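Just query15.cif here, mmCIF, N, CA and C atoms:
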data_my_file
#
loop_
_atom_site.label_atom_id
_atom_site.label_comp_id
_atom_site.auth_asym_id
_atom_site.auth_seq_id
_atom_site.Cartn_x
_atom_site.Cartn_y
_atom_site.Cartn_z
N GLU G 1478 6.33 -17.27 -5.65
CA GLU G 1478 6.58 -16.24 -6.63
C GLU G 1478 6.03 -14.87 -6.22
N CYS G 1479 5.45 -14.76 -5.04
CA CYS G 1479 4.84 -13.49 -4.60
C CYS G 1479 5.93 -12.51 -4.13
N THR G 1480 6.03 -11.41 -4.83
CA THR G 1480 7.04 -10.39 -4.50
C THR G 1480 6.83 -9.85 -3.09
N CYS G 1481 5.59 -9.57 -2.75
CA CYS G 1481 5.29 -9.01 -1.43
C CYS G 1481 5.74 -9.97 -0.32
N PHE G 1482 5.42 -11.26 -0.49
CA PHE G 1482 5.81 -12.25 0.52
C PHE G 1482 7.33 -12.29 0.70
N ARG G 1483 8.07 -12.26 -0.41
CA ARG G 1483 9.53 -12.31 -0.33
C ARG G 1483 10.11 -11.08 0.37
N ILE G 1484 9.59 -9.91 0.01
CA ILE G 1484 10.08 -8.68 0.63
C ILE G 1484 9.76 -8.67 2.12
N ARG G 1485 8.53 -9.04 2.47
CA ARG G 1485 8.14 -9.04 3.89
C ARG G 1485 8.93 -10.07 4.69
N SER G 1486 9.18 -11.25 4.10
CA SER G 1486 9.97 -12.28 4.79
C SER G 1486 11.38 -11.79 5.06
N ALA G 1487 12.00 -11.20 4.06
CA ALA G 1487 13.36 -10.66 4.24
C ALA G 1487 13.35 -9.55 5.29
N ALA G 1488 12.34 -8.69 5.23
CA ALA G 1488 12.26 -7.59 6.20
C ALA G 1488 12.11 -8.13 7.62
N ARG G 1489 11.33 -9.19 7.80
CA ARG G 1489 11.17 -9.76 9.15
C ARG G 1489 12.50 -10.31 9.67
N ARG G 1490 13.26 -10.98 8.81
CA ARG G 1490 14.55 -11.53 9.24
C ARG G 1490 15.52 -10.41 9.63
N VAL G 1491 15.60 -9.39 8.80
CA VAL G 1491 16.49 -8.27 9.08
C VAL G 1491 16.03 -7.53 10.34
N THR G 1492 14.73 -7.31 10.46
CA THR G 1492 14.18 -6.63 11.64
C THR G 1492 14.53 -7.38 12.92
N ALA G 1493 14.48 -8.71 12.88
CA ALA G 1493 14.81 -9.51 14.06
C ALA G 1493 16.25 -9.26 14.52
N ILE G 1494 17.16 -9.11 13.57
CA ILE G 1494 18.56 -8.84 13.92
C ILE G 1494 18.68 -7.48 14.60
N TYR G 1495 18.07 -6.46 14.00
CA TYR G 1495 18.13 -5.12 14.60
C TYR G 1495 17.44 -5.10 15.97
N SER G 1496 16.32 -5.80 16.08
CA SER G 1496 15.59 -5.84 17.36
C SER G 1496 16.44 -6.45 18.46
N GLN G 1497 17.14 -7.51 18.12
CA GLN G 1497 18.01 -8.16 19.10
C GLN G 1497 19.09 -7.19 19.59
N HIS G 1498 19.69 -6.47 18.68
CA HIS G 1498 20.76 -5.53 19.05
C HIS G 1498 20.22 -4.34 19.85
N LEU G 1499 19.03 -3.84 19.47
CA LEU G 1499 18.47 -2.65 20.12
C LEU G 1499 17.71 -2.97 21.42
N ALA G 1500 17.50 -4.26 21.72
CA ALA G 1500 16.72 -4.66 22.89
C ALA G 1500 17.13 -3.96 24.19
N PRO G 1501 18.43 -3.77 24.47
CA PRO G 1501 18.79 -3.11 25.73
C PRO G 1501 18.24 -1.69 25.87
N THR G 1502 17.91 -1.05 24.75
CA THR G 1502 17.39 0.32 24.81
C THR G 1502 15.87 0.37 24.95
N GLY G 1503 15.21 -0.76 24.65
CA GLY G 1503 13.75 -0.78 24.66
C GLY G 1503 13.14 -0.23 23.37
N LEU G 1504 13.97 0.18 22.43
CA LEU G 1504 13.48 0.72 21.17
C LEU G 1504 13.31 -0.38 20.12
N LYS G 1505 12.22 -0.30 19.37
CA LYS G 1505 12.07 -1.12 18.17
C LYS G 1505 12.80 -0.38 17.06
N ILE G 1506 13.14 -1.10 15.98
CA ILE G 1506 13.86 -0.46 14.89
C ILE G 1506 13.04 0.67 14.28
N SER G 1507 11.73 0.51 14.22
CA SER G 1507 10.87 1.58 13.68
C SER G 1507 10.94 2.83 14.57
N GLN G 1508 11.00 2.64 15.87
CA GLN G 1508 11.10 3.76 16.80
C GLN G 1508 12.48 4.39 16.74
N PHE G 1509 13.52 3.56 16.60
CA PHE G 1509 14.87 4.07 16.47
C PHE G 1509 14.97 4.98 15.26
N SER G 1510 14.44 4.53 14.13
CA SER G 1510 14.49 5.32 12.91
C SER G 1510 13.73 6.64 13.07
N LEU G 1511 12.54 6.55 13.64
CA LEU G 1511 11.75 7.77 13.88
C LEU G 1511 12.50 8.75 14.76
N LEU G 1512 13.03 8.26 15.86
CA LEU G 1512 13.75 9.11 16.79
C LEU G 1512 14.96 9.75 16.11
N GLY G 1513 15.66 8.97 15.30
CA GLY G 1513 16.81 9.49 14.59
C GLY G 1513 16.45 10.58 13.59
N PHE G 1514 15.37 10.36 12.83
CA PHE G 1514 14.93 11.38 11.88
C PHE G 1514 14.47 12.64 12.59
N ILE G 1515 13.75 12.48 13.69
CA ILE G 1515 13.26 13.65 14.43
C ILE G 1515 14.43 14.40 15.05
N ALA G 1516 15.39 13.69 15.61
CA ALA G 1516 16.56 14.35 16.20
C ALA G 1516 17.36 15.10 15.14
N ALA G 1517 17.48 14.51 13.96
CA ALA G 1517 18.27 15.13 12.89
C ALA G 1517 17.52 16.27 12.21
N GLU G 1518 16.22 16.10 11.99
CA GLU G 1518 15.43 17.06 11.21
C GLU G 1518 14.71 18.09 12.08
N GLY G 1519 14.45 17.73 13.35
CA GLY G 1519 13.56 18.50 14.20
C GLY G 1519 13.88 19.97 14.31
N PRO G 1520 12.88 20.77 14.53
CA PRO G 1520 11.48 20.36 14.54
C PRO G 1520 10.99 19.98 13.15
N VAL G 1521 10.17 18.93 13.10
CA VAL G 1521 9.69 18.40 11.83
C VAL G 1521 8.20 18.09 11.95
N SER G 1522 7.46 18.40 10.91
CA SER G 1522 6.02 18.12 10.90
C SER G 1522 5.78 16.63 10.63
N ILE G 1523 4.61 16.16 11.01
CA ILE G 1523 4.25 14.77 10.75
C ILE G 1523 4.21 14.53 9.25
N GLY G 1524 3.72 15.49 8.48
CA GLY G 1524 3.68 15.35 7.04
C GLY G 1524 5.06 15.16 6.43
N ARG G 1525 6.00 15.97 6.86
CA ARG G 1525 7.39 15.87 6.35
C ARG G 1525 8.02 14.56 6.78
N LEU G 1526 7.78 14.15 8.03
CA LEU G 1526 8.32 12.89 8.53
C LEU G 1526 7.74 11.72 7.74
N SER G 1527 6.48 11.79 7.42
CA SER G 1527 5.82 10.76 6.61
C SER G 1527 6.49 10.65 5.24
N GLU G 1528 6.82 11.78 4.65
CA GLU G 1528 7.53 11.78 3.35
C GLU G 1528 8.92 11.18 3.49
N LEU G 1529 9.66 11.60 4.50
CA LEU G 1529 11.03 11.12 4.69
C LEU G 1529 11.08 9.60 4.88
N LEU G 1530 10.10 9.07 5.59
CA LEU G 1530 10.08 7.66 5.91
C LEU G 1530 9.28 6.82 4.92
N ALA G 1531 8.65 7.47 3.96
CA ALA G 1531 7.81 6.79 2.96
C ALA G 1531 6.78 5.90 3.64
N THR G 1532 6.08 6.48 4.61
CA THR G 1532 5.06 5.73 5.35
C THR G 1532 3.79 6.57 5.46
N ASP G 1533 2.69 5.90 5.70
CA ASP G 1533 1.43 6.62 5.84
C ASP G 1533 1.31 7.21 7.25
N ARG G 1534 0.46 8.20 7.37
CA ARG G 1534 0.32 8.91 8.65
C ARG G 1534 -0.21 8.02 9.77
N THR G 1535 -1.07 7.05 9.45
CA THR G 1535 -1.63 6.17 10.47
C THR G 1535 -0.52 5.33 11.11
N THR G 1536 0.33 4.73 10.28
CA THR G 1536 1.44 3.94 10.79
C THR G 1536 2.41 4.83 11.56
N LEU G 1537 2.66 6.00 11.02
CA LEU G 1537 3.57 6.94 11.68
C LEU G 1537 3.04 7.33 13.05
N THR G 1538 1.77 7.65 13.13
CA THR G 1538 1.15 8.04 14.41
C THR G 1538 1.24 6.90 15.42
N ARG G 1539 0.98 5.67 14.96
CA ARG G 1539 1.05 4.50 15.85
C ARG G 1539 2.48 4.30 16.38
N ASN G 1540 3.48 4.48 15.51
CA ASN G 1540 4.87 4.31 15.93
C ASN G 1540 5.38 5.47 16.79
N LEU G 1541 4.78 6.64 16.62
CA LEU G 1541 5.17 7.81 17.42
C LEU G 1541 4.64 7.74 18.85
N LYS G 1542 3.50 7.11 19.03
CA LYS G 1542 2.83 7.12 20.34
C LYS G 1542 3.74 6.70 21.50
N PRO G 1543 4.46 5.57 21.40
CA PRO G 1543 5.34 5.20 22.53
C PRO G 1543 6.44 6.23 22.78
N LEU G 1544 6.96 6.84 21.71
CA LEU G 1544 8.01 7.85 21.87
C LEU G 1544 7.47 9.09 22.58
N LEU G 1545 6.25 9.47 22.24
CA LEU G 1545 5.61 10.61 22.90
C LEU G 1545 5.27 10.25 24.35
N ASP G 1546 4.69 9.06 24.55
CA ASP G 1546 4.31 8.62 25.91
C ASP G 1546 5.50 8.52 26.85
N ASP G 1547 6.66 8.10 26.30
CA ASP G 1547 7.87 7.94 27.12
C ASP G 1547 8.67 9.22 27.26
N GLY G 1548 8.17 10.32 26.67
CA GLY G 1548 8.86 11.61 26.79
C GLY G 1548 10.14 11.71 25.98
N LEU G 1549 10.26 10.88 24.95
CA LEU G 1549 11.45 10.91 24.09
C LEU G 1549 11.29 11.91 22.95
N VAL G 1550 10.03 12.16 22.60
CA VAL G 1550 9.65 13.11 21.56
C VAL G 1550 8.51 13.94 22.11
N GLU G 1551 8.46 15.19 21.73
CA GLU G 1551 7.33 16.03 22.15
C GLU G 1551 6.85 16.87 20.98
N ARG G 1552 5.60 17.29 21.11
CA ARG G 1552 5.02 18.19 20.10
C ARG G 1552 5.39 19.62 20.47
N ALA G 1553 5.76 20.38 19.46
CA ALA G 1553 6.10 21.78 19.67
C ALA G 1553 5.24 22.61 18.74
N ALA G 1554 4.85 23.78 19.19
CA ALA G 1554 4.06 24.67 18.35
C ALA G 1554 4.92 25.17 17.19
N SER G 1555 4.28 25.30 16.05
CA SER G 1555 4.98 25.87 14.89
C SER G 1555 4.40 27.25 14.64
N GLY G 1556 4.84 27.87 13.58
CA GLY G 1556 4.31 29.19 13.23
C GLY G 1556 2.83 29.14 12.87
N ASP G 1557 2.36 27.97 12.46
CA ASP G 1557 0.96 27.77 12.07
C ASP G 1557 0.24 27.11 13.25
N LYS G 1558 -0.77 27.76 13.79
CA LYS G 1558 -1.46 27.23 14.99
C LYS G 1558 -2.19 25.92 14.71
N ARG G 1559 -2.44 25.62 13.43
CA ARG G 1559 -3.14 24.38 13.10
C ARG G 1559 -2.19 23.20 13.00
N ARG G 1560 -0.90 23.45 13.04
CA ARG G 1560 0.08 22.39 12.83
C ARG G 1560 1.10 22.37 13.97
N HIS G 1561 1.43 21.18 14.40
CA HIS G 1561 2.47 20.99 15.40
C HIS G 1561 3.66 20.32 14.76
N GLU G 1562 4.79 20.53 15.36
CA GLU G 1562 6.00 19.87 14.89
C GLU G 1562 6.54 18.98 16.00
N LEU G 1563 7.35 18.04 15.62
CA LEU G 1563 7.91 17.09 16.57
C LEU G 1563 9.38 17.42 16.82
N VAL G 1564 9.77 17.32 18.07
CA VAL G 1564 11.18 17.52 18.44
C VAL G 1564 11.59 16.40 19.41
N ALA G 1565 12.84 16.01 19.32
CA ALA G 1565 13.39 15.04 20.26
C ALA G 1565 13.71 15.77 21.56
N THR G 1566 13.33 15.17 22.68
CA THR G 1566 13.66 15.75 23.98
C THR G 1566 15.12 15.42 24.30
N THR G 1567 15.58 15.99 25.39
CA THR G 1567 16.95 15.68 25.84
C THR G 1567 17.08 14.18 26.10
N ALA G 1568 16.07 13.60 26.73
CA ALA G 1568 16.09 12.15 27.00
C ALA G 1568 16.07 11.36 25.69
N GLY G 1569 15.30 11.83 24.72
CA GLY G 1569 15.24 11.16 23.42
C GLY G 1569 16.56 11.19 22.69
N ARG G 1570 17.21 12.35 22.70
CA ARG G 1570 18.52 12.46 22.04
C ARG G 1570 19.56 11.59 22.75
N ALA G 1571 19.49 11.52 24.07
CA ALA G 1571 20.43 10.70 24.83
C ALA G 1571 20.22 9.21 24.53
N LEU G 1572 18.96 8.78 24.46
CA LEU G 1572 18.67 7.38 24.15
C LEU G 1572 19.12 7.04 22.73
N PHE G 1573 18.87 7.95 21.80
CA PHE G 1573 19.30 7.71 20.43
C PHE G 1573 20.82 7.57 20.37
N LYS G 1574 21.51 8.42 21.08
CA LYS G 1574 22.99 8.37 21.11
C LYS G 1574 23.47 7.05 21.69
N ARG G 1575 22.76 6.55 22.71
CA ARG G 1575 23.12 5.26 23.32
C ARG G 1575 22.79 4.10 22.38
N ALA G 1576 21.72 4.24 21.60
CA ALA G 1576 21.28 3.17 20.70
C ALA G 1576 22.09 3.11 19.41
N LEU G 1577 22.69 4.21 19.01
CA LEU G 1577 23.38 4.27 17.72
C LEU G 1577 24.48 3.22 17.56
N PRO G 1578 25.34 3.00 18.55
CA PRO G 1578 26.35 1.95 18.37
C PRO G 1578 25.73 0.54 18.27
N LEU G 1579 24.60 0.34 18.93
CA LEU G 1579 23.92 -0.96 18.84
C LEU G 1579 23.35 -1.15 17.43
N TRP G 1580 22.79 -0.08 16.88
CA TRP G 1580 22.30 -0.12 15.51
C TRP G 1580 23.46 -0.39 14.55
N THR G 1581 24.60 0.26 14.78
CA THR G 1581 25.77 0.06 13.93
C THR G 1581 26.20 -1.41 13.95
N ASN G 1582 26.16 -2.04 15.12
CA ASN G 1582 26.50 -3.46 15.22
C ASN G 1582 25.53 -4.32 14.41
N ALA G 1583 24.25 -3.99 14.49
CA ALA G 1583 23.24 -4.72 13.71
C ALA G 1583 23.48 -4.54 12.22
N GLU G 1584 23.75 -3.32 11.81
CA GLU G 1584 24.02 -3.01 10.41
C GLU G 1584 25.24 -3.80 9.92
N GLN G 1585 26.27 -3.85 10.72
CA GLN G 1585 27.48 -4.59 10.34
C GLN G 1585 27.19 -6.09 10.24
N GLU G 1586 26.37 -6.61 11.15
CA GLU G 1586 26.02 -8.03 11.12
C GLU G 1586 25.27 -8.38 9.83
N VAL G 1587 24.30 -7.55 9.48
CA VAL G 1587 23.51 -7.81 8.26
C VAL G 1587 24.41 -7.71 7.03
N ARG G 1588 25.23 -6.67 6.97
CA ARG G 1588 26.12 -6.50 5.81
C ARG G 1588 27.13 -7.65 5.72
N ALA G 1589 27.65 -8.10 6.84
CA ALA G 1589 28.61 -9.21 6.83
C ALA G 1589 27.94 -10.50 6.36
N ALA G 1590 26.72 -10.73 6.80
CA ALA G 1590 26.00 -11.94 6.39
C ALA G 1590 25.70 -11.94 4.90
N MET G 1591 25.38 -10.79 4.35
CA MET G 1591 25.03 -10.72 2.92
C MET G 1591 26.24 -10.51 2.03
N GLY G 1592 27.30 -9.92 2.56
CA GLY G 1592 28.46 -9.60 1.75
C GLY G 1592 28.27 -8.25 1.08
N SER G 1593 29.38 -7.61 0.73
CA SER G 1593 29.30 -6.24 0.22
C SER G 1593 28.62 -6.15 -1.14
N LYS G 1594 28.81 -7.13 -2.02
CA LYS G 1594 28.18 -7.07 -3.34
C LYS G 1594 26.67 -7.21 -3.24
N LEU G 1595 26.22 -8.21 -2.52
CA LEU G 1595 24.77 -8.41 -2.37
C LEU G 1595 24.13 -7.21 -1.67
N THR G 1596 24.81 -6.67 -0.66
CA THR G 1596 24.28 -5.49 0.04
C THR G 1596 24.13 -4.32 -0.93
N ALA G 1597 25.15 -4.05 -1.73
CA ALA G 1597 25.08 -2.96 -2.70
C ALA G 1597 24.01 -3.22 -3.75
N ASP G 1598 23.93 -4.46 -4.24
CA ASP G 1598 22.91 -4.81 -5.23
C ASP G 1598 21.51 -4.64 -4.65
N LEU G 1599 21.34 -5.08 -3.41
CA LEU G 1599 20.03 -4.96 -2.76
C LEU G 1599 19.65 -3.50 -2.58
N HIS G 1600 20.57 -2.69 -2.10
CA HIS G 1600 20.29 -1.26 -1.92
C HIS G 1600 19.89 -0.63 -3.25
N GLY G 1601 20.64 -0.94 -4.30
CA GLY G 1601 20.32 -0.39 -5.62
C GLY G 1601 18.95 -0.84 -6.11
N ALA G 1602 18.66 -2.13 -5.96
CA ALA G 1602 17.37 -2.66 -6.40
C ALA G 1602 16.22 -2.04 -5.60
N LEU G 1603 16.41 -1.89 -4.31
CA LEU G 1603 15.35 -1.28 -3.49
C LEU G 1603 15.15 0.20 -3.85
N ASP G 1604 16.24 0.93 -4.06
CA ASP G 1604 16.12 2.34 -4.45
C ASP G 1604 15.38 2.47 -5.76
N ARG G 1605 15.77 1.65 -6.76
CA ARG G 1605 15.09 1.72 -8.06
C ARG G 1605 13.62 1.29 -7.94
N SER G 1606 13.37 0.30 -7.11
CA SER G 1606 11.99 -0.16 -6.91
C SER G 1606 11.13 0.94 -6.31
N MET G 1607 11.68 1.64 -5.31
CA MET G 1607 10.93 2.72 -4.68
C MET G 1607 10.64 3.84 -5.69
N GLU G 1608 11.60 4.13 -6.56
CA GLU G 1608 11.38 5.16 -7.59
C GLU G 1608 10.24 4.76 -8.52
N LYS G 1609 10.26 3.51 -8.97
CA LYS G 1609 9.24 3.04 -9.91
C LYS G 1609 7.87 2.89 -9.24
N LEU G 1610 7.87 2.41 -8.02
CA LEU G 1610 6.59 2.20 -7.32
C LEU G 1610 6.01 3.50 -6.79
N GLY G 1611 6.87 4.50 -6.61
CA GLY G 1611 6.40 5.79 -6.09
C GLY G 1611 5.43 6.48 -7.03
N SER G 1612 5.49 6.14 -8.30
CA SER G 1612 4.60 6.79 -9.27
C SER G 1612 3.25 6.10 -9.39
N LEU G 1613 3.07 4.97 -8.70
CA LEU G 1613 1.78 4.25 -8.78
C LEU G 1613 0.76 4.81 -7.83
#

Could you write out this file's structure as structure tokens?
Amino acid sequence: ECTCFRIRSAARRVTAIYSQHLAPTGLKISQFSLLGFIAAEGPVSIGRLSELLATDRTTLTRNLKPLLDDGLVERAASGDKRRHELVATTAGRALFKRALPLWTNAEQEVRAAMGSKLTADLHGALDRSMEKLGSL
């Protein structure tokens, strides 16, 4: 009856599907998402990225490290000398572009396994849950 256990179990199963599809790129699904948000939003601050992804800065920093180390993302100076922003490098944008069709295949596999009604119901339930839990 533990809600957390059920959500985490489902997330692990879905993550495994995406990981299998993204394996040829070397990206984990968390890194793929980060790279995609940075490529789309960049330059973007860590604070803004944390808000977009609904994650804490510690987890975000840990997931960013491989992208920075591999030269897929870099820090860029912003107008404020105390703050840096993140941008996708040319290599990062190219890898994301190569990974996108693999992600699409994973997304289609998950949606096909669950069916369109369950997928829509799940998305709605998760969106409403995030709204309600966001105020805690």

For G:Asn1582, the closest of G:Cys1481, G:Leu1545, G:Ile1506, G:Ile1494 counting all atoms listed in the file is G:Ile1494

Can you pull out the residues contacting stretch 1535-1542 of chain G? Cut-off 7 Å, using all atoms listed in the file, and skip same-chain residues under 5 positions away; I want them as an MDAnalysis selection string. chainID G and resid 1507:1508 1527 1547

What does the structure give for the distance between atom N of G:Leu1572 and atom N of G:Gly1519, in Å to one decimal?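 These atoms are spaced 15.0 Å apart.
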
Using DSSP assignments from the backbone, pull out every residue in chain G that falls under strand (DSSP E or B) and give it to me as a list of chain:residue names. G:Val1521, G:Ser1522, G:Val1550, G:Glu1551, G:Arg1552, G:Ala1553, G:Ala1554, G:His1561, G:Glu1562, G:Leu1563, G:Val1564, G:Ala1565
